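Colleague: For reference, the structure I am asking about is given below.
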Amino acid sequence: MRRTTGLLGVVGVVGVFGMAGAAGAQPADVIATVPADTEPAPLQTIGYSALPGGLHVPSADTLPGGAVQVGLLGGFGYRKGLLAADHSFSRGVGDFAIAFGATDMLSIGLSLDGRFDKHSGAVTDDGYVGDPHLFVRLGKAIGATKLGAQVGLWVPGKDAPSVAGSAISVDARALATLAAGPGALTLTAGFRLDNSLKSVDQPERLSAQDRVSLGVSEFNAALAGVSYTVPSNKVWFTVEGSTDVFVGTDAPSPIFRGGASVGYHLNDQWAILGFVEGAKVPGLSYGEVAMGEVTLVPYEPIVTGGLGLTARFGGPKAGSSSSIVKNDVPKAVEVIEYAELAGEVTDENGKPVVGAKVVVKLKNNTGSAVTDDKGAWSVTQLPIGKTIDSTTTLDDTGAEVTVEVDGKKPGKSTLTLVKGGNTATKIALDPILPDGVLKAIVKALATGKPIAGATVKVEPGGKTVTTDAEGKFQIEVPPGQYKITVTSPGLKVQQLDVTIDPNGVTIKNIDLSK
């Protein structure tokens with residue numbers, strides 16, 4: 001049993017649809033190619049007919065405009081006990097498909113399907129069948145959901161290269177793909193107007209084996225399917241289920257299918273996949289088979305598995321371009337203006353200070369940095385104003401720079417920032433020297449006796465100490481110049497200047513008079 005197909009007619013139909021898609025393409029208000037600032041979207045999962053989707057459940061996705069997708073699928077299926085208890089048939093399947101993204105919303109695909117059936121048992125037979133299918137798909141994203149529709153034409157022929165026009169079968173489906181958890185859920189529903197039986201002359205004269213292998217149908221069918229695809233980096237996994245519900249007088253039970261596929265993107269262009277599928281098709285009674293009463297529907301193996309290879313040529317690279325359209329309501333965009341500030345920190349000898357903490361304080365924001373091995377530091381992205389409708393306002397430009405590090409006195413500077421780069425004055429940090437000690441005895445000038453309870457105040461710093469019973473006091477202060485004020489009730493205030501050396505001891509005798 002052999003049945004060839006009318007490929008010349010298919011090519012003609014493809015040409016018509018291709019020109020229609022090109023003529024119907026409408027330009028957007030503005031189209032620009034710009035570098036993508038966000039992570040690229042996952043690569044598309046390609047299934048049957050070289051279009052996005054699975055084996056029997058097409059998705060609402062379309063190919064990018066200008067892209068050409070090529071797909072090869074091959075596999076093997078097996079079924080036992082369909083025509084007789086000892087009957088079995090094995091099926092080799094193959095598919096070559098090519099699809100084109102006429103626009104971002106319109107894709108056209110041509111699939112050339114072939115299969116070879118081998119029947120075993122009481123009666124043996126084998127034969128091959130080839131079928132061309134043409135698909136036209138429209139799809140549009142609405143938020144995170146994609147809605148679409150697909151029309152398919154099956155163009156059987158009686159004798160190559162002719163086309164049996166009366167046998168052309170049409171199926172139409174509504175498609176919806178929406179985000180669901182980590183993956184995408186696709187739902188499809190449609191109807192097939194099936195005229196394929198008209199491509200076979202006198203089917204009743206064919207053997208039961210040939211009638212099972214023809215793949216034609218006496219009945220129209222309602223179509224439905226659901227799939228769920230989970231992409232993960234370069235790998236994707238899809239599970240799907242579909243059904244063909246035959247309609248008409250004496251229509252047999254539906255075909256139910258369930259399958260899974262897993263694929264791997266070798267790169268942005270090439271991908272491989274593996275698939276497995278199980279099918280439940282209408283059964284036949286052996287009595288009907290013996291009488292030659294075999295209902296003509298597409299009988300499928302119980303289980304089929306195989307491999308595939310897909311490739312994409314042309315079109316935009318993943319994540320490399322985007323479309324820009326005019327806003328319905330213009331709205332001013334606020335652009336934040338930034339300043340950068342850099343500087344150096346040294347010690348009292350001009351050597352770099354490493355690890356110093358630098359704080360840059362503005363009115364509304366504060367930045368910080370740490371000096372490197374050269375004493376250098378920088379703070380970037382300091383917001384100092386904004387630009388709206390080409391008008392720039394810099395209203396936060398006053399900056400206070402403070403520097404702290406162990407073993408050094410804090411340093412500080414101020415400046416006014418401008419947009420872009422700024423350089424702060426070099427800040428030199430003085431060392432923190434060890435304290436010195438001031439020791440003294442306070443006596444009454446008239447008697448020479450010690451004065452207990454006299455108050456001693458040291459400025460600057462405001463430290464205060466009281467003399468003991470022997471008129472003595474001792475106080476530690478950082479090195480430097482100080483003024484000491486000594487007071488005691490009934491006596492005149494005495495002031496004197498002292499110098500305190502690092503790690504030194506300064507001794508004074510202080511006399512108070514009336």
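Scheme for the structure tokens: letters A, B, ... for chains in order shown; per-chain residue numbers from 1; ligand numbers from 1 in order shown.
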So that each row is one residue of range 298-341 of chain A with an atom at most 10 Å from range 382-404 of chain A, can you give its shortest atom pair and the distance in Å to one decimal, using only C-alpha atoms, rows by chain and rising number, as a Markdown table?

Modeller:
| residue | atom | partner | partner_atom | distance |
| --- | --- | --- | --- | --- |
| A:Lys331 | CA | A:Asp389 | CA | 9.6 |
| A:Ala332 | CA | A:Asp389 | CA | 6.2 |
| A:Val333 | CA | A:Ile388 | CA | 6.2 |
| A:Glu334 | CA | A:Ile388 | CA | 5.1 |
| A:Val335 | CA | A:Thr387 | CA | 5.1 |
| A:Ile336 | CA | A:Lys386 | CA | 4.4 |
| A:Glu337 | CA | A:Lys386 | CA | 5.0 |
| A:Tyr338 | CA | A:Pro383 | CA | 4.5 |
| A:Ala339 | CA | A:Leu382 | CA | 5.1 |
| A:Glu340 | CA | A:Leu382 | CA | 6.3 |
| A:Leu341 | CA | A:Leu382 | CA | 8.2 |

Colleague: Excluding same-chain residues fewer than 5 positions from Glu300 in chain A, what lies within 10 Å of it counting only C-alpha atoms, as a list in words?

Modeller: Gly77, Tyr78, Arg79, Phe89, Ser90, Arg91, Val212, Ser213, Gly215, Ile255, Arg257, Gly278, Ala279, Lys280, Val281 and Pro282 of chain A

Colleague: Write the residues of the selection above to a file with C-alpha atoms, as a PDB file, in the first residue's frame.

Modeller:
ATOM      1  CA  GLY A  77       5.811   2.953  17.628  1.00  0.00           C
ATOM      2  CA  TYR A  78       4.240  -0.428  18.409  1.00  0.00           C
ATOM      3  CA  ARG A  79       0.747  -1.861  18.821  1.00  0.00           C
ATOM      4  CA  PHE A  89       2.114  -3.633  13.785  1.00  0.00           C
ATOM      5  CA  SER A  90       5.184  -1.477  14.197  1.00  0.00           C
ATOM      6  CA  ARG A  91       5.450   2.011  12.790  1.00  0.00           C
ATOM      7  CA  VAL A 212      -5.578   0.733   9.454  1.00  0.00           C
ATOM      8  CA  SER A 213      -2.419   2.299   8.029  1.00  0.00           C
ATOM      9  CA  GLY A 215      -4.520   7.477   8.455  1.00  0.00           C
ATOM     10  CA  ILE A 255      -8.533   9.121  20.541  1.00  0.00           C
ATOM     11  CA  ARG A 257      -3.032  10.774  23.922  1.00  0.00           C
ATOM     12  CA  GLY A 278       0.953   6.782  24.575  1.00  0.00           C
ATOM     13  CA  ALA A 279      -2.352   6.636  22.675  1.00  0.00           C
ATOM     14  CA  LYS A 280      -5.749   5.001  23.216  1.00  0.00           C
ATOM     15  CA  VAL A 281      -7.600   4.631  19.912  1.00  0.00           C
ATOM     16  CA  PRO A 282     -11.001   3.141  19.037  1.00  0.00           C
TER      17      PRO A 282
END

Colleague: Which residues, written as a VMD selection string, have at least one atom at most 9 Å from Glu348 in chain A, with only C-alpha atoms counted and residues fewer than 2 positions away on the same chain left out?

Modeller: chain A and resid 346 350 to 351 428 to 431

Colleague: In terms of the shortest atom-to-atom distance over only C-alpha atoms, which of A:His265, A:Lys463, A:Lys508, A:Arg173 is closest to Gly139 in chain A?

Modeller: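 Ranking A:His265, A:Lys463, A:Lys508, A:Arg173 by distance to Gly139 in chain A, first place goes to A:Arg173.
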
Colleague: Using only C-alpha atoms, which of the listed residues (A:Phe237, A:Tyr48, A:Phe116, A:Tyr299) sits closest to Ser253 in chain A?

Modeller: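 With only C-alpha atoms as the atom set, the closest residue is A:Tyr299.
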
Colleague: Which of these residues is nearest to Leu214 in chain A, using only C-alpha atoms: A:Thr145, A:Asn364, A:Gln44, A:Thr295?

Modeller: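 The answer is A:Thr295, which sits nearest to Leu214 in chain A.
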
Colleague: What does the distance between CA of Thr464 in chain A and CA of Lys449 in chain A come to in Å, to one decimal place?

Modeller: 22.1 Å

Colleague: Compile the contact shell of Gln69 in chain A as number ranges by chain: residues with an atom at most 7 Å away, counting only C-alpha atoms, same-chain residues fewer than 5 positions apart removed.

Modeller: A: 50, 98-100, 311-313

Colleague: Can you spit out the residues from that selection as a tab-separated table (two decimals), in the first residue's frame, using N, CA and C atoms?

Modeller:
chain	number	residue	atom	x	y	z
A	50	ALA	N	7.86	22.44	13.37
A	50	ALA	CA	8.91	23.46	13.54
A	50	ALA	C	8.36	24.75	14.11
A	98	ILE	N	9.56	22.93	8.09
A	98	ILE	CA	10.21	24.24	8.00
A	98	ILE	C	9.14	25.30	8.27
A	99	ALA	N	9.49	26.28	9.07
A	99	ALA	CA	8.55	27.34	9.44
A	99	ALA	C	9.23	28.69	9.31
A	100	PHE	N	8.41	29.72	9.10
A	100	PHE	CA	8.93	31.07	8.86
A	100	PHE	C	8.11	32.07	9.67
A	311	ALA	N	16.65	23.62	14.35
A	311	ALA	CA	17.64	24.67	14.12
A	311	ALA	C	16.91	25.93	13.68
A	312	ARG	N	17.44	27.08	14.07
A	312	ARG	CA	16.86	28.37	13.69
A	312	ARG	C	17.90	29.17	12.93
A	313	PHE	N	17.44	29.82	11.88
A	313	PHE	CA	18.31	30.65	11.05
A	313	PHE	C	17.65	32.01	10.88

Colleague: Range 207-372 of chain A: which residues are alpha helix (DSSP H) by DSSP, as a PyMOL selection string?

Modeller: chain A and resi 208-214+286-290

Colleague: Please determine, counting only C-alpha atoms, which residue among A:Thr366, A:Asn503, A:Ser166, A:Thr455 has the shortest atom-to-atom distance to Ile484 in chain A.

Modeller: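 Using only C-alpha atoms, Ile484 in chain A sits closest to A:Thr455.
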
Colleague: Would you mind listing what lies within 12 Å of Ala290 in chain A as a list in words, with only C-alpha atoms counted and same-chain residues fewer than 2 positions away left out?

Modeller: Leu83, Ala84, Val123, Ser207, Ala208, Gln209, Leu284, Ser285, Tyr286, Gly287, Glu288, Gly292, Glu293 and Val294 of chain A

Colleague: Do a neighbour search on Thr177 in chain A at 9 Å with only C-alpha atoms, toss out local chain neighbours closer than 2 positions, and write the hits as a ChimeraX atom specification.

Modeller: /A:59-61,144-148,175,179,184-188

Colleague: From the set A:Gly283, A:Ala167, A:Ser378, A:Pro58, which residue has the shortest atom-to-atom contact distance to Gly421 in chain A, counting only C-alpha atoms?

Modeller: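 Using only C-alpha atoms, the shortest distance to Gly421 in chain A belongs to A:Ser378.
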
Colleague: Can you list, as a VMD selection string, all residues belonging to range 139-367 of chain A that DSSP tags as strand (DSSP E)?

Modeller: chain A and resid 139 to 142 145 to 154 169 to 180 183 to 193 220 to 232 235 to 247 255 to 265 270 to 280 303 to 313 322 to 324 335 to 347 357 to 361 366 to 367

Colleague: Just to confirm, what's the straight-line distance from CA of Val289 in chain A to CA of Asp86 in chain A in Å (one decimal)?

Modeller: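 So the answer is 13.3 Å.
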
Colleague: What is the distance between CA of Pro316 in chain A and CA of Ala180 in chain A, in Å to one decimal?

Modeller: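 Rounded to one decimal, the two atoms are 26.6 Å apart.
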
Colleague: I need the residue nearest Ile108 in chain A from this list: A:Ser217, A:Gln481, A:Ser49, A:Ser169. Use only C-alpha atoms for the distance.

Modeller: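 Checking each candidate against Ile108 in chain A, we get A:Ser49 as the closest.
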
Colleague: When you look at range 440-445 of chain A with a cut-off of 6 Å (counting only C-alpha atoms), what residues show up, excluding the ones that are within fewer than 3 positions of it in the same chain? I need them as a list of chain:residue names.

Modeller: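 So the residues in contact are A:Gly448, A:Lys449, A:Pro450, A:Ile451, A:Gly471, A:Lys472, A:Phe473, A:Ile507, A:Lys508, A:Asn509, A:Ile510, A:Asp511, A:Leu512, A:Ser513.
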
Colleague: Just write the chosen residues, N, CA and C atoms, as a PDB file, in the first residue's frame.

Modeller:
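Ended up saving to out.pdb:
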ATOM      1  N   GLY A 448      51.599  79.350 103.890  1.00  0.00           N
ATOM      2  CA  GLY A 448      52.366  78.261 103.300  1.00  0.00           C
ATOM      3  C   GLY A 448      51.747  76.899 103.528  1.00  0.00           C
ATOM      4  N   LYS A 449      50.542  76.897 104.113  1.00  0.00           N
ATOM      5  CA  LYS A 449      49.883  75.622 104.380  1.00  0.00           C
ATOM      6  C   LYS A 449      49.124  75.145 103.138  1.00  0.00           C
ATOM      7  N   PRO A 450      49.031  73.777 102.934  1.00  0.00           N
ATOM      8  CA  PRO A 450      48.267  73.232 101.796  1.00  0.00           C
ATOM      9  C   PRO A 450      46.772  73.595 101.915  1.00  0.00           C
ATOM     10  N   ILE A 451      46.140  73.771 100.781  1.00  0.00           N
ATOM     11  CA  ILE A 451      44.703  74.080 100.748  1.00  0.00           C
ATOM     12  C   ILE A 451      43.971  72.852 100.235  1.00  0.00           C
ATOM     13  N   GLY A 471      46.578  69.277  99.706  1.00  0.00           N
ATOM     14  CA  GLY A 471      46.594  70.345  98.713  1.00  0.00           C
ATOM     15  C   GLY A 471      47.123  69.917  97.356  1.00  0.00           C
ATOM     16  N   LYS A 472      47.243  68.619  97.144  1.00  0.00           N
ATOM     17  CA  LYS A 472      47.819  68.109  95.898  1.00  0.00           C
ATOM     18  C   LYS A 472      46.716  67.683  94.908  1.00  0.00           C
ATOM     19  N   PHE A 473      47.042  67.734  93.629  1.00  0.00           N
ATOM     20  CA  PHE A 473      46.184  67.138  92.583  1.00  0.00           C
ATOM     21  C   PHE A 473      47.070  66.615  91.460  1.00  0.00           C
ATOM     22  N   ILE A 507      55.234  69.677  86.797  1.00  0.00           N
ATOM     23  CA  ILE A 507      54.991  69.908  88.221  1.00  0.00           C
ATOM     24  C   ILE A 507      54.919  71.411  88.482  1.00  0.00           C
ATOM     25  N   LYS A 508      53.884  71.822  89.199  1.00  0.00           N
ATOM     26  CA  LYS A 508      53.687  73.231  89.498  1.00  0.00           C
ATOM     27  C   LYS A 508      53.385  73.410  90.995  1.00  0.00           C
ATOM     28  N   ASN A 509      53.805  74.568  91.525  1.00  0.00           N
ATOM     29  CA  ASN A 509      53.418  75.019  92.860  1.00  0.00           C
ATOM     30  C   ASN A 509      52.540  76.244  92.688  1.00  0.00           C
ATOM     31  N   ILE A 510      51.356  76.198  93.272  1.00  0.00           N
ATOM     32  CA  ILE A 510      50.386  77.269  93.061  1.00  0.00           C
ATOM     33  C   ILE A 510      50.070  77.877  94.431  1.00  0.00           C
ATOM     34  N   ASP A 511      50.259  79.213  94.537  1.00  0.00           N
ATOM     35  CA  ASP A 511      49.978  79.922  95.786  1.00  0.00           C
ATOM     36  C   ASP A 511      48.760  80.812  95.595  1.00  0.00           C
ATOM     37  N   LEU A 512      47.826  80.733  96.555  1.00  0.00           N
ATOM     38  CA  LEU A 512      46.626  81.561  96.523  1.00  0.00           C
ATOM     39  C   LEU A 512      46.704  82.594  97.628  1.00  0.00           C
ATOM     40  N   SER A 513      46.358  83.830  97.293  1.00  0.00           N
ATOM     41  CA  SER A 513      46.354  84.924  98.274  1.00  0.00           C
ATOM     42  C   SER A 513      44.936  85.413  98.488  1.00  0.00           C
TER      43      SER A 513
END
